[in-house]
Every structure is written in C-alpha cells, then in structure tokens.
Amino acid sequence: MTNPELRRQVINIYKDTAELLYLGREYPLGYDYFRQRLHKAFSGQAHLTDEEKIRTGIARAQFVKKADQVLSEAVPHAETAV
C-alpha cells in the first residue's frame, strides 16, 4: 500500500477491532465464532493493493462497526435489565 492516508485508516480500523471483539462477546453464535470471522475478514483482504478496493473495505468495516454499535445499544444487556 503506497497511500499513507489509506494505511492510517486501515490501521485505525484494525485497532477498532478490539471494540468489535468486545461487542462480539454476546454474539448469538458465540465469541469464538465471531472472533474467527472477524480475523478471516481482515486476513482475507490483506493482499489488496487497489486503492478503490481498499476504500471499499474500509467503508464496509465502518458500516459493520456502526451497525453493531446500534444493535448493542438497542438490545438491553442481561446485567442491566431488571
């Protein structure tokens, strides 16, 4: 990857996976399934060099993160529901 701005964005998305992993604790199919899928999603795109495809991947990751955050806020957690 030659574009430093795209590199920075990809690194930031990767760092945000820690937050996604945290949100994945309550994934219906289990944390391990969620973690493996997340790893596969990143490692499957590691070979990309086309800047447009990289931008598409960044947009997809941001969409997934935003959707997961919305769902986690909409569904009350068992600890807080009384």
# chains A, B, ... in the order shown; residues from 1 in each chain; ligands from 1
call {"tool": "residues_around", "arguments": {"residues": "segment 1-8 of chain A", "least_positions_apart": "3", "cutoff": "9 Å", "atoms": "only C-alpha atoms", "output": "PyMOL selection string"}}
result
chain A and resi 11-13+48-51+54-55+58
call {"tool": "residues_around", "arguments": {"residues": "Arg25 of chain A", "least_positions_apart": "6", "cutoff": "10 Å", "atoms": "only C-alpha atoms", "output": "number ranges by chain"}}
result
A: 31-32, 34-35
call {"tool": "write_last_selection", "arguments": {"atoms": "all heavy atoms", "output": "PDB file, in the first residue's frame"}}
result
ATOM      1  N   TYR A  31     -18.610 -16.127  21.035  1.00  0.00           N
ATOM      2  CA  TYR A  31     -17.466 -15.234  20.878  1.00  0.00           C
ATOM      3  C   TYR A  31     -16.412 -15.814  19.943  1.00  0.00           C
ATOM      4  O   TYR A  31     -15.882 -15.107  19.088  1.00  0.00           O
ATOM      5  CB  TYR A  31     -16.854 -14.930  22.243  1.00  0.00           C
ATOM      6  CG  TYR A  31     -15.584 -14.117  22.164  1.00  0.00           C
ATOM      7  CD1 TYR A  31     -15.633 -12.749  21.961  1.00  0.00           C
ATOM      8  CD2 TYR A  31     -14.337 -14.729  22.284  1.00  0.00           C
ATOM      9  CE1 TYR A  31     -14.483 -12.000  21.884  1.00  0.00           C
ATOM     10  CE2 TYR A  31     -13.172 -13.980  22.210  1.00  0.00           C
ATOM     11  CZ  TYR A  31     -13.255 -12.612  22.008  1.00  0.00           C
ATOM     12  OH  TYR A  31     -12.110 -11.875  21.917  1.00  0.00           O
ATOM     13  N   ASP A  32     -16.093 -17.098  20.089  1.00  0.00           N
ATOM     14  CA  ASP A  32     -15.058 -17.713  19.247  1.00  0.00           C
ATOM     15  C   ASP A  32     -15.434 -17.658  17.776  1.00  0.00           C
ATOM     16  O   ASP A  32     -14.591 -17.371  16.917  1.00  0.00           O
ATOM     17  CB  ASP A  32     -14.782 -19.149  19.675  1.00  0.00           C
ATOM     18  CG  ASP A  32     -14.018 -19.215  20.983  1.00  0.00           C
ATOM     19  OD1 ASP A  32     -13.267 -18.261  21.281  1.00  0.00           O
ATOM     20  OD2 ASP A  32     -14.181 -20.215  21.706  1.00  0.00           O
ATOM     21  N   PHE A  34     -17.408 -15.444  16.373  1.00  0.00           N
ATOM     22  CA  PHE A  34     -17.315 -14.038  15.991  1.00  0.00           C
ATOM     23  C   PHE A  34     -15.863 -13.641  15.757  1.00  0.00           C
ATOM     24  O   PHE A  34     -15.534 -12.993  14.770  1.00  0.00           O
ATOM     25  CB  PHE A  34     -17.938 -13.169  17.085  1.00  0.00           C
ATOM     26  CG  PHE A  34     -17.987 -11.713  16.752  1.00  0.00           C
ATOM     27  CD1 PHE A  34     -19.018 -11.194  15.995  1.00  0.00           C
ATOM     28  CD2 PHE A  34     -16.995 -10.851  17.205  1.00  0.00           C
ATOM     29  CE1 PHE A  34     -19.068  -9.853  15.685  1.00  0.00           C
ATOM     30  CE2 PHE A  34     -17.033  -9.505  16.900  1.00  0.00           C
ATOM     31  CZ  PHE A  34     -18.073  -8.997  16.139  1.00  0.00           C
ATOM     32  N   ARG A  35     -14.960 -14.035  16.671  1.00  0.00           N
ATOM     33  CA  ARG A  35     -13.545 -13.688  16.566  1.00  0.00           C
ATOM     34  C   ARG A  35     -12.921 -14.284  15.308  1.00  0.00           C
ATOM     35  O   ARG A  35     -12.174 -13.617  14.588  1.00  0.00           O
ATOM     36  CB  ARG A  35     -12.787 -14.166  17.806  1.00  0.00           C
ATOM     37  CG  ARG A  35     -11.320 -13.729  17.832  1.00  0.00           C
ATOM     38  CD  ARG A  35     -10.575 -14.334  19.002  1.00  0.00           C
ATOM     39  NE  ARG A  35     -10.598 -15.784  19.005  1.00  0.00           N
ATOM     40  CZ  ARG A  35      -9.843 -16.559  18.199  1.00  0.00           C
ATOM     41  NH1 ARG A  35      -9.032 -16.002  17.333  1.00  0.00           N
ATOM     42  NH2 ARG A  35      -9.914 -17.866  18.274  1.00  0.00           N
TER      43      ARG A  35
END
call {"tool": "residues_around", "arguments": {"residues": "Leu38 of chain A", "least_positions_apart": "3", "cutoff": "9 Å", "atoms": "only C-alpha atoms", "output": "PyMOL selection string"}}
result
chain A and resi 17+20-21+33-35+41-43
call {"tool": "closest_residue", "arguments": {"among": "A:Ala18, A:Leu29, A:Val70, A:Val10", "to": "Gln45 of chain A", "atoms": "only C-alpha atoms"}}
result
A:Val10
call {"tool": "select_by_dssp", "arguments": {"residues": "segment 18-67 of chain A", "states": "helix (DSSP H, G or I)", "output": "number ranges by chain"}}
result
A: 18-26, 31-43, 51-67
call {"tool": "write_last_selection", "arguments": {"atoms": "C-alpha atoms", "output": "PDB file, in the first residue's frame"}}
result
ATOM      1  CA  ALA A  18     -10.752  -4.622  19.866  1.00  0.00           C
ATOM      2  CA  GLU A  19     -14.005  -2.749  20.354  1.00  0.00           C
ATOM      3  CA  LEU A  20     -15.765  -5.050  17.909  1.00  0.00           C
ATOM      4  CA  LEU A  21     -14.408  -8.068  19.761  1.00  0.00           C
ATOM      5  CA  TYR A  22     -15.746  -6.633  22.993  1.00  0.00           C
ATOM      6  CA  LEU A  23     -19.169  -6.170  21.408  1.00  0.00           C
ATOM      7  CA  GLY A  24     -18.930  -9.705  19.996  1.00  0.00           C
ATOM      8  CA  ARG A  25     -18.987 -11.228  23.485  1.00  0.00           C
ATOM      9  CA  GLU A  26     -22.751 -11.523  23.209  1.00  0.00           C
ATOM     10  CA  TYR A  31     -17.466 -15.234  20.878  1.00  0.00           C
ATOM     11  CA  ASP A  32     -15.058 -17.713  19.247  1.00  0.00           C
ATOM     12  CA  TYR A  33     -17.164 -17.841  16.089  1.00  0.00           C
ATOM     13  CA  PHE A  34     -17.315 -14.038  15.991  1.00  0.00           C
ATOM     14  CA  ARG A  35     -13.545 -13.688  16.566  1.00  0.00           C
ATOM     15  CA  GLN A  36     -12.698 -16.192  13.841  1.00  0.00           C
ATOM     16  CA  ARG A  37     -14.985 -14.455  11.355  1.00  0.00           C
ATOM     17  CA  LEU A  38     -13.503 -11.065  12.186  1.00  0.00           C
ATOM     18  CA  HIS A  39      -9.963 -12.392  11.752  1.00  0.00           C
ATOM     19  CA  LYS A  40     -10.913 -14.035   8.462  1.00  0.00           C
ATOM     20  CA  ALA A  41     -12.430 -10.769   7.215  1.00  0.00           C
ATOM     21  CA  PHE A  42      -9.179  -8.884   7.826  1.00  0.00           C
ATOM     22  CA  SER A  43      -6.734 -11.542   6.714  1.00  0.00           C
ATOM     23  CA  GLU A  51      -6.837   1.805  -3.576  1.00  0.00           C
ATOM     24  CA  GLU A  52     -10.512   1.720  -4.572  1.00  0.00           C
ATOM     25  CA  LYS A  53     -10.917  -1.816  -3.214  1.00  0.00           C
ATOM     26  CA  ILE A  54      -9.160  -0.760  -0.007  1.00  0.00           C
ATOM     27  CA  ARG A  55     -11.560   2.186   0.348  1.00  0.00           C
ATOM     28  CA  THR A  56     -14.486  -0.187  -0.200  1.00  0.00           C
ATOM     29  CA  GLY A  57     -13.159  -2.471   2.540  1.00  0.00           C
ATOM     30  CA  ILE A  58     -12.734   0.464   4.922  1.00  0.00           C
ATOM     31  CA  ALA A  59     -16.303   1.603   4.236  1.00  0.00           C
ATOM     32  CA  ARG A  60     -17.603  -1.928   4.831  1.00  0.00           C
ATOM     33  CA  ALA A  61     -15.726  -2.193   8.139  1.00  0.00           C
ATOM     34  CA  GLN A  62     -17.090   1.172   9.276  1.00  0.00           C
ATOM     35  CA  PHE A  63     -20.613   0.100   8.327  1.00  0.00           C
ATOM     36  CA  VAL A  64     -20.313  -3.154  10.273  1.00  0.00           C
ATOM     37  CA  LYS A  65     -18.945  -1.342  13.310  1.00  0.00           C
ATOM     38  CA  LYS A  66     -21.728   1.236  13.225  1.00  0.00           C
ATOM     39  CA  ALA A  67     -24.440  -1.421  12.781  1.00  0.00           C
TER      40      ALA A  67
END
